[in-house]
>>> print(open('model-v4.pdb').read())   # PDB, C-alpha atoms, pLDDT in the B column
MODEL        1
ATOM      1  CA  MET A   6       0.000   0.000   0.000  1.00 41.00           C
ATOM      2  CA  THR A   7       1.399   3.369  -0.971  1.00 44.00           C
ATOM      3  CA  VAL A   8       0.973   6.226   1.418  1.00 45.00           C
ATOM      4  CA  THR A   9       0.319   9.549  -0.237  1.00 47.00           C
ATOM      5  CA  GLN A  10       2.678  12.181   1.052  1.00 49.00           C
ATOM      6  CA  PRO A  11       1.117  15.553   1.807  1.00 49.00           C
ATOM      7  CA  SER A  12       2.443  18.449  -0.220  1.00 49.00           C
ATOM      8  CA  PRO A  13       5.227  20.291   1.490  1.00 54.00           C
ATOM      9  CA  PRO A  14       4.118  23.445   3.237  1.00 53.00           C
ATOM     10  CA  ASP A  15       4.665  26.684   1.399  1.00 53.00           C
ATOM     11  CA  PRO A  16       7.391  28.421   3.419  1.00 48.00           C
ATOM     12  CA  ALA A  17       6.335  31.812   2.099  1.00 46.00           C
ATOM     13  CA  GLY A  18       2.779  31.255   3.274  1.00 48.00           C
ATOM     14  CA  ALA A  19       3.862  29.755   6.582  1.00 48.00           C
ATOM     15  CA  ALA A  20       6.137  32.673   7.284  1.00 44.00           C
ATOM     16  CA  ALA A  21       3.480  35.217   6.373  1.00 48.00           C
ATOM     17  CA  GLY A  22       6.035  37.192   4.421  1.00 51.00           C
ATOM     18  CA  SER A  23       8.673  37.251   7.162  1.00 71.00           C
ATOM     19  CA  SER A  24      11.923  35.376   6.585  1.00 76.00           C
ATOM     20  CA  ALA A  25      12.548  35.597  10.347  1.00 75.00           C
ATOM     21  CA  ASP A  26       9.755  33.047  10.851  1.00 88.00           C
ATOM     22  CA  LEU A  27      11.278  30.498   8.452  1.00 89.00           C
ATOM     23  CA  PRO A  28      13.657  28.931  11.026  1.00 89.00           C
ATOM     24  CA  ALA A  29      10.756  28.558  13.482  1.00 91.00           C
ATOM     25  CA  THR A  30       8.641  26.921  10.780  1.00 91.00           C
ATOM     26  CA  ALA A  31      11.459  24.538   9.820  1.00 89.00           C
ATOM     27  CA  TRP A  32      12.073  23.642  13.467  1.00 88.00           C
ATOM     28  CA  ARG A  33       8.360  23.041  14.111  1.00 91.00           C
ATOM     29  CA  LEU A  34       8.145  20.735  11.072  1.00 91.00           C
ATOM     30  CA  MET A  35      11.285  18.795  12.088  1.00 88.00           C
ATOM     31  CA  ARG A  36       9.994  18.324  15.633  1.00 90.00           C
ATOM     32  CA  ARG A  37       6.578  17.255  14.341  1.00 91.00           C
ATOM     33  CA  PHE A  38       8.219  14.663  12.094  1.00 88.00           C
ATOM     34  CA  VAL A  39      10.419  13.258  14.857  1.00 85.00           C
ATOM     35  CA  ASP A  40       7.536  13.204  17.353  1.00 82.00           C
ATOM     36  CA  ALA A  41       5.239  11.454  14.860  1.00 85.00           C
ATOM     37  CA  HIS A  42       7.820   8.810  14.018  1.00 82.00           C
ATOM     38  CA  GLY A  43       9.432   8.259  17.406  1.00 79.00           C
ATOM     39  CA  SER A  44      10.293   4.816  18.724  1.00 80.00           C
ATOM     40  CA  SER A  45       9.550   5.323  22.404  1.00 78.00           C
ATOM     41  CA  GLU A  46       6.462   3.105  22.434  1.00 80.00           C
ATOM     42  CA  GLU A  47       8.345   0.237  20.781  1.00 83.00           C
ATOM     43  CA  LEU A  48      11.238   0.700  23.229  1.00 83.00           C
ATOM     44  CA  ARG A  49       8.827   0.596  26.186  1.00 81.00           C
ATOM     45  CA  GLU A  50       7.110  -2.541  24.899  1.00 82.00           C
ATOM     46  CA  ARG A  51      10.203  -4.511  23.878  1.00 86.00           C
ATOM     47  CA  LEU A  52      12.471  -3.554  26.772  1.00 84.00           C
ATOM     48  CA  GLY A  53       9.979  -2.961  29.578  1.00 81.00           C
ATOM     49  CA  LEU A  54      11.667   0.313  30.518  1.00 78.00           C
ATOM     50  CA  GLY A  55       8.579   2.361  31.251  1.00 74.00           C
ATOM     51  CA  ALA A  56       7.828   5.868  30.066  1.00 67.00           C
ATOM     52  CA  GLY A  57      11.109   7.676  30.618  1.00 67.00           C
ATOM     53  CA  SER A  58      13.800   7.953  27.984  1.00 73.00           C
ATOM     54  CA  GLY A  59      16.367   8.472  30.744  1.00 82.00           C
ATOM     55  CA  ARG A  60      16.795   4.732  31.178  1.00 89.00           C
ATOM     56  CA  ILE A  61      17.810   4.309  27.542  1.00 89.00           C
ATOM     57  CA  LYS A  62      20.346   7.098  27.845  1.00 91.00           C
ATOM     58  CA  VAL A  63      21.851   5.469  30.947  1.00 93.00           C
ATOM     59  CA  LEU A  64      22.126   2.136  29.117  1.00 94.00           C
ATOM     60  CA  PHE A  65      23.962   3.906  26.291  1.00 94.00           C
ATOM     61  CA  LEU A  66      26.253   5.747  28.722  1.00 95.00           C
ATOM     62  CA  LEU A  67      27.147   2.489  30.449  1.00 96.00           C
ATOM     63  CA  THR A  68      28.037   0.784  27.163  1.00 95.00           C
ATOM     64  CA  GLU A  69      31.009   3.144  27.048  1.00 92.00           C
ATOM     65  CA  GLN A  70      32.242   2.345  30.565  1.00 94.00           C
ATOM     66  CA  PRO A  71      31.034   1.577  34.100  1.00 95.00           C
ATOM     67  CA  MET A  72      30.289   4.721  36.119  1.00 95.00           C
ATOM     68  CA  THR A  73      29.497   5.814  39.637  1.00 94.00           C
ATOM     69  CA  LEU A  74      26.063   7.269  40.302  1.00 92.00           C
ATOM     70  CA  ALA A  75      27.621  10.737  40.493  1.00 92.00           C
ATOM     71  CA  GLN A  76      29.265  10.261  37.094  1.00 94.00           C
ATOM     72  CA  LEU A  77      26.020   8.961  35.596  1.00 94.00           C
ATOM     73  CA  ALA A  78      24.051  11.896  36.989  1.00 94.00           C
ATOM     74  CA  GLU A  79      26.534  14.387  35.553  1.00 95.00           C
ATOM     75  CA  ALA A  80      26.794  12.667  32.160  1.00 93.00           C
ATOM     76  CA  HIS A  81      22.998  12.413  31.929  1.00 93.00           C
ATOM     77  CA  GLY A  82      22.383  15.949  33.173  1.00 92.00           C
ATOM     78  CA  VAL A  83      20.179  14.908  36.083  1.00 93.00           C
ATOM     79  CA  ASP A  84      20.545  15.083  39.847  1.00 93.00           C
ATOM     80  CA  ARG A  85      21.883  12.159  41.868  1.00 92.00           C
ATOM     81  CA  PRO A  86      18.515  11.110  43.373  1.00 92.00           C
ATOM     82  CA  TYR A  87      16.989  10.829  39.885  1.00 92.00           C
ATOM     83  CA  ALA A  88      20.022   8.877  38.655  1.00 92.00           C
ATOM     84  CA  THR A  89      19.487   6.512  41.592  1.00 93.00           C
ATOM     85  CA  ILE A  90      15.831   6.005  40.612  1.00 92.00           C
ATOM     86  CA  ILE A  91      16.880   5.174  37.035  1.00 92.00           C
ATOM     87  CA  VAL A  92      19.569   2.736  38.205  1.00 94.00           C
ATOM     88  CA  ASP A  93      17.136   1.114  40.666  1.00 94.00           C
ATOM     89  CA  LYS A  94      14.725   0.378  37.795  1.00 92.00           C
ATOM     90  CA  LEU A  95      17.486  -0.920  35.516  1.00 94.00           C
ATOM     91  CA  GLU A  96      18.783  -3.091  38.353  1.00 95.00           C
ATOM     92  CA  ARG A  97      15.310  -4.577  38.963  1.00 93.00           C
ATOM     93  CA  LEU A  98      15.161  -5.432  35.248  1.00 92.00           C
ATOM     94  CA  GLY A  99      18.542  -7.151  35.491  1.00 95.00           C
ATOM     95  CA  PHE A 100      20.229  -4.685  33.123  1.00 96.00           C
ATOM     96  CA  VAL A 101      22.786  -3.255  35.565  1.00 97.00           C
ATOM     97  CA  VAL A 102      24.652  -4.217  38.717  1.00 97.00           C
ATOM     98  CA  ARG A 103      26.196  -2.089  41.436  1.00 95.00           C
ATOM     99  CA  GLN A 104      29.573  -3.109  42.777  1.00 93.00           C
ATOM    100  CA  PRO A 105      31.843  -1.543  45.389  1.00 90.00           C
ATOM    101  CA  HIS A 106      34.139   1.139  44.009  1.00 88.00           C
ATOM    102  CA  PRO A 107      37.724  -0.165  44.034  1.00 87.00           C
ATOM    103  CA  SER A 108      39.157   2.906  45.780  1.00 87.00           C
ATOM    104  CA  ASP A 109      36.194   4.643  47.454  1.00 83.00           C
ATOM    105  CA  ARG A 110      34.186   2.597  49.958  1.00 81.00           C
ATOM    106  CA  ARG A 111      31.413   5.211  49.925  1.00 85.00           C
ATOM    107  CA  SER A 112      30.714   4.771  46.197  1.00 85.00           C
ATOM    108  CA  LYS A 113      29.285   2.062  44.007  1.00 89.00           C
ATOM    109  CA  VAL A 114      30.176   1.483  40.385  1.00 94.00           C
ATOM    110  CA  VAL A 115      27.272   0.748  38.046  1.00 96.00           C
ATOM    111  CA  SER A 116      27.914  -1.513  35.072  1.00 96.00           C
ATOM    112  CA  LEU A 117      25.866  -3.341  32.478  1.00 97.00           C
ATOM    113  CA  THR A 118      25.024  -6.996  32.772  1.00 97.00           C
ATOM    114  CA  PRO A 119      24.962  -9.166  29.642  1.00 97.00           C
ATOM    115  CA  ALA A 120      21.184  -8.577  29.551  1.00 96.00           C
ATOM    116  CA  GLY A 121      21.849  -4.831  29.787  1.00 96.00           C
ATOM    117  CA  ARG A 122      24.272  -5.008  26.855  1.00 96.00           C
ATOM    118  CA  ASP A 123      21.627  -6.882  24.858  1.00 95.00           C
ATOM    119  CA  ALA A 124      18.996  -4.271  25.813  1.00 93.00           C
ATOM    120  CA  ALA A 125      21.295  -1.410  24.759  1.00 94.00           C
ATOM    121  CA  ALA A 126      21.996  -3.162  21.441  1.00 95.00           C
ATOM    122  CA  LEU A 127      18.264  -3.695  20.832  1.00 93.00           C
ATOM    123  CA  ALA A 128      17.514  -0.065  21.721  1.00 90.00           C
ATOM    124  CA  ASN A 129      20.216   1.094  19.328  1.00 91.00           C
ATOM    125  CA  SER A 130      18.773  -1.116  16.600  1.00 91.00           C
ATOM    126  CA  ILE A 131      15.249   0.237  17.146  1.00 88.00           C
ATOM    127  CA  LEU A 132      16.410   3.863  17.224  1.00 87.00           C
ATOM    128  CA  SER A 133      18.580   3.407  14.122  1.00 89.00           C
ATOM    129  CA  GLU A 134      15.725   2.168  11.939  1.00 89.00           C
ATOM    130  CA  PRO A 135      14.476   5.002   9.706  1.00 90.00           C
ATOM    131  CA  PRO A 136      10.730   5.539   9.679  1.00 89.00           C
ATOM    132  CA  PRO A 137       8.794   4.417   6.584  1.00 89.00           C
ATOM    133  CA  ALA A 138       8.209   8.035   5.529  1.00 89.00           C
ATOM    134  CA  LEU A 139      11.960   8.448   4.922  1.00 90.00           C
ATOM    135  CA  ARG A 140      12.126   5.201   2.968  1.00 91.00           C
ATOM    136  CA  GLU A 141       9.412   6.532   0.640  1.00 93.00           C
ATOM    137  CA  LEU A 142      11.551   9.451  -0.506  1.00 92.00           C
ATOM    138  CA  ASP A 143      13.475   8.970  -3.735  1.00 92.00           C
ATOM    139  CA  ALA A 144      17.280   9.121  -3.939  1.00 92.00           C
ATOM    140  CA  GLY A 145      17.283  12.760  -5.062  1.00 93.00           C
ATOM    141  CA  GLN A 146      15.052  13.863  -2.197  1.00 92.00           C
ATOM    142  CA  LEU A 147      17.147  11.929   0.321  1.00 92.00           C
ATOM    143  CA  THR A 148      20.357  13.407  -1.071  1.00 93.00           C
ATOM    144  CA  GLU A 149      18.903  16.899  -0.754  1.00 92.00           C
ATOM    145  CA  LEU A 150      17.677  16.223   2.787  1.00 91.00           C
ATOM    146  CA  ILE A 151      21.056  14.787   3.830  1.00 91.00           C
ATOM    147  CA  GLY A 152      22.802  17.825   2.344  1.00 93.00           C
ATOM    148  CA  LEU A 153      20.581  20.240   4.247  1.00 91.00           C
ATOM    149  CA  LEU A 154      20.854  18.350   7.523  1.00 89.00           C
ATOM    150  CA  SER A 155      24.620  18.131   7.119  1.00 91.00           C
ATOM    151  CA  LEU A 156      24.761  21.906   7.076  1.00 91.00           C
ATOM    152  CA  LEU A 157      23.230  21.932  10.560  1.00 87.00           C
ATOM    153  CA  ASN A 158      25.760  19.612  12.170  1.00 82.00           C
TER     154      ASN A 158
ENDMDL
END
>>> encode(input="model-v4.pdb", output="structure tokens")
Amino acid sequence: MTVTQPSPPDPAGAAAGSSADLPATAWRLMRRFVDAHGSSEELRERLGLGAGSGRIKVLFLLTEQPMTLAQLAEAHGVDRPYATIIVDKLERLGFVVRQPHPSDRRSKVVSLTPAGRDAAALANSILSEPPPALRELDAGQLTELIGLLSLLN
């Protein structure tokens, strides 16, 4: 079944004559696309992680190296109590373990279990899969889109 793509919005009409509104229009359309084609529901269902995306980010952070709770909180941009809540959930799921820090008896080091590594790999696979709407674009459209997005990075 072929899905009919809506016509692209007319930037001139959307901006009501003001080029200053064009970045806001582009941003709104990009966010709408990402929100409409997000993978959070599939991640929740397949990994049992609940509603927060913070757990996925912690899994990804821990694939790089084991970390203390303080390091995780800083790397994730959250406070230590929230990092503890995330780690508690991941520990209950069997995705992480806490072990004594080798040089600081007051700290624990959090690391992935084999199940946690598998969960991070599955999450990466799910998040890496382009939505069908992108697959429906032709090579020229994709090349143009990649070129434009490359300018932003």
>>> atom_distance(input="model-v4.pdb", atom1="CA of Lys62 in chain A", atom2="CA of Pro105 in chain A")
22.7 Å
>>> atom_distance(input="model-v4.pdb", atom1="CA of Glu141 in chain A", atom2="CA of Ser58 in chain A")
27.7 Å
>>> closest_atom_pairs(input="model-v4.pdb", of="range 40-107 of chain A", to="range 113-123 of chain A", cutoff="9 Å", atoms="only C-alpha atoms", output="Markdown table")
| residue | atom | partner | partner_atom | distance |
| --- | --- | --- | --- | --- |
| A:Leu64 | CA | A:Gly121 | CA | 7.0 |
| A:Phe65 | CA | A:Arg122 | CA | 8.9 |
| A:Leu67 | CA | A:Ser116 | CA | 6.2 |
| A:Thr68 | CA | A:Arg122 | CA | 6.9 |
| A:Gln70 | CA | A:Ser116 | CA | 7.3 |
| A:Pro71 | CA | A:Ser116 | CA | 4.5 |
| A:Met72 | CA | A:Val115 | CA | 5.3 |
| A:Thr73 | CA | A:Val114 | CA | 4.4 |
| A:Leu74 | CA | A:Val115 | CA | 7.0 |
| A:Leu77 | CA | A:Val115 | CA | 8.7 |
| A:Val92 | CA | A:Val115 | CA | 8.0 |
| A:Leu95 | CA | A:Gly121 | CA | 8.2 |
| A:Leu98 | CA | A:Gly121 | CA | 8.7 |
| A:Gly99 | CA | A:Ala120 | CA | 6.7 |
| A:Phe100 | CA | A:Gly121 | CA | 3.7 |
| A:Val101 | CA | A:Leu117 | CA | 4.4 |
| A:Val102 | CA | A:Ser116 | CA | 5.6 |
| A:Arg103 | CA | A:Val115 | CA | 4.5 |
| A:Gln104 | CA | A:Val114 | CA | 5.2 |
| A:Pro105 | CA | A:Lys113 | CA | 4.6 |
| A:His106 | CA | A:Lys113 | CA | 4.9 |
| A:Pro107 | CA | A:Val114 | CA | 8.5 |
>>> axis_aligned_box(input="model-v4.pdb", around="range 72-78 of chain A", padding_each_side="5 Å", output="lines of an AutoDock Vina configuration file")
center_x = 27.2
center_y = 8.3
center_z = 38.0
size_x = 16.2
size_y = 17.2
size_z = 14.9
>>> resolve_selection(input="model-v4.pdb", expression="the PyMOL selection byres ((chain A and resi 154-158) around 12)", output="number ranges by chain")
A: 28, 31-32, 35, 147-153
>>> write_last_selection(input="model-v4.pdb", atoms="C-alpha atoms", output="PDB file, keeping the file's coordinate frame")
ATOM      1  CA  PRO A  28      13.657  28.931  11.026  1.00 89.00           C
ATOM      2  CA  ALA A  31      11.459  24.538   9.820  1.00 89.00           C
ATOM      3  CA  TRP A  32      12.073  23.642  13.467  1.00 88.00           C
ATOM      4  CA  MET A  35      11.285  18.795  12.088  1.00 88.00           C
ATOM      5  CA  LEU A 147      17.147  11.929   0.321  1.00 92.00           C
ATOM      6  CA  THR A 148      20.357  13.407  -1.071  1.00 93.00           C
ATOM      7  CA  GLU A 149      18.903  16.899  -0.754  1.00 92.00           C
ATOM      8  CA  LEU A 150      17.677  16.223   2.787  1.00 91.00           C
ATOM      9  CA  ILE A 151      21.056  14.787   3.830  1.00 91.00           C
ATOM     10  CA  GLY A 152      22.802  17.825   2.344  1.00 93.00           C
ATOM     11  CA  LEU A 153      20.581  20.240   4.247  1.00 91.00           C
TER      12      LEU A 153
END
>>> residues_around(input="model-v4.pdb", residues="His81 in chain A", least_positions_apart="5", cutoff="10 Å", atoms="only C-alpha atoms", output="PyMOL selection string")
chain A and resi 59-60+62-63+66+75-76+88
>>> closest_residue(input="model-v4.pdb", among="A:Gly43, A:Ala29, A:Arg49, A:Arg36", to="Pro135 in chain A", atoms="all atoms listed in the file")
A:Gly43
>>> closest_residue(input="model-v4.pdb", among="A:Leu132, A:Ala144, A:Ala138, A:Ala126", to="Ser45 in chain A", atoms="all atoms listed in the file")
A:Leu132
>>> resolve_selection(input="model-v4.pdb", expression="the PyMOL selection byres ((chain A and resi 44) around 12)", output="ChimeraX atom specification")
/A:39-43,45-52,56,58,61,127-136
>>> atom_distance(input="model-v4.pdb", atom1="CA of Ala25 in chain A", atom2="CA of Leu142 in chain A")
28.3 Å
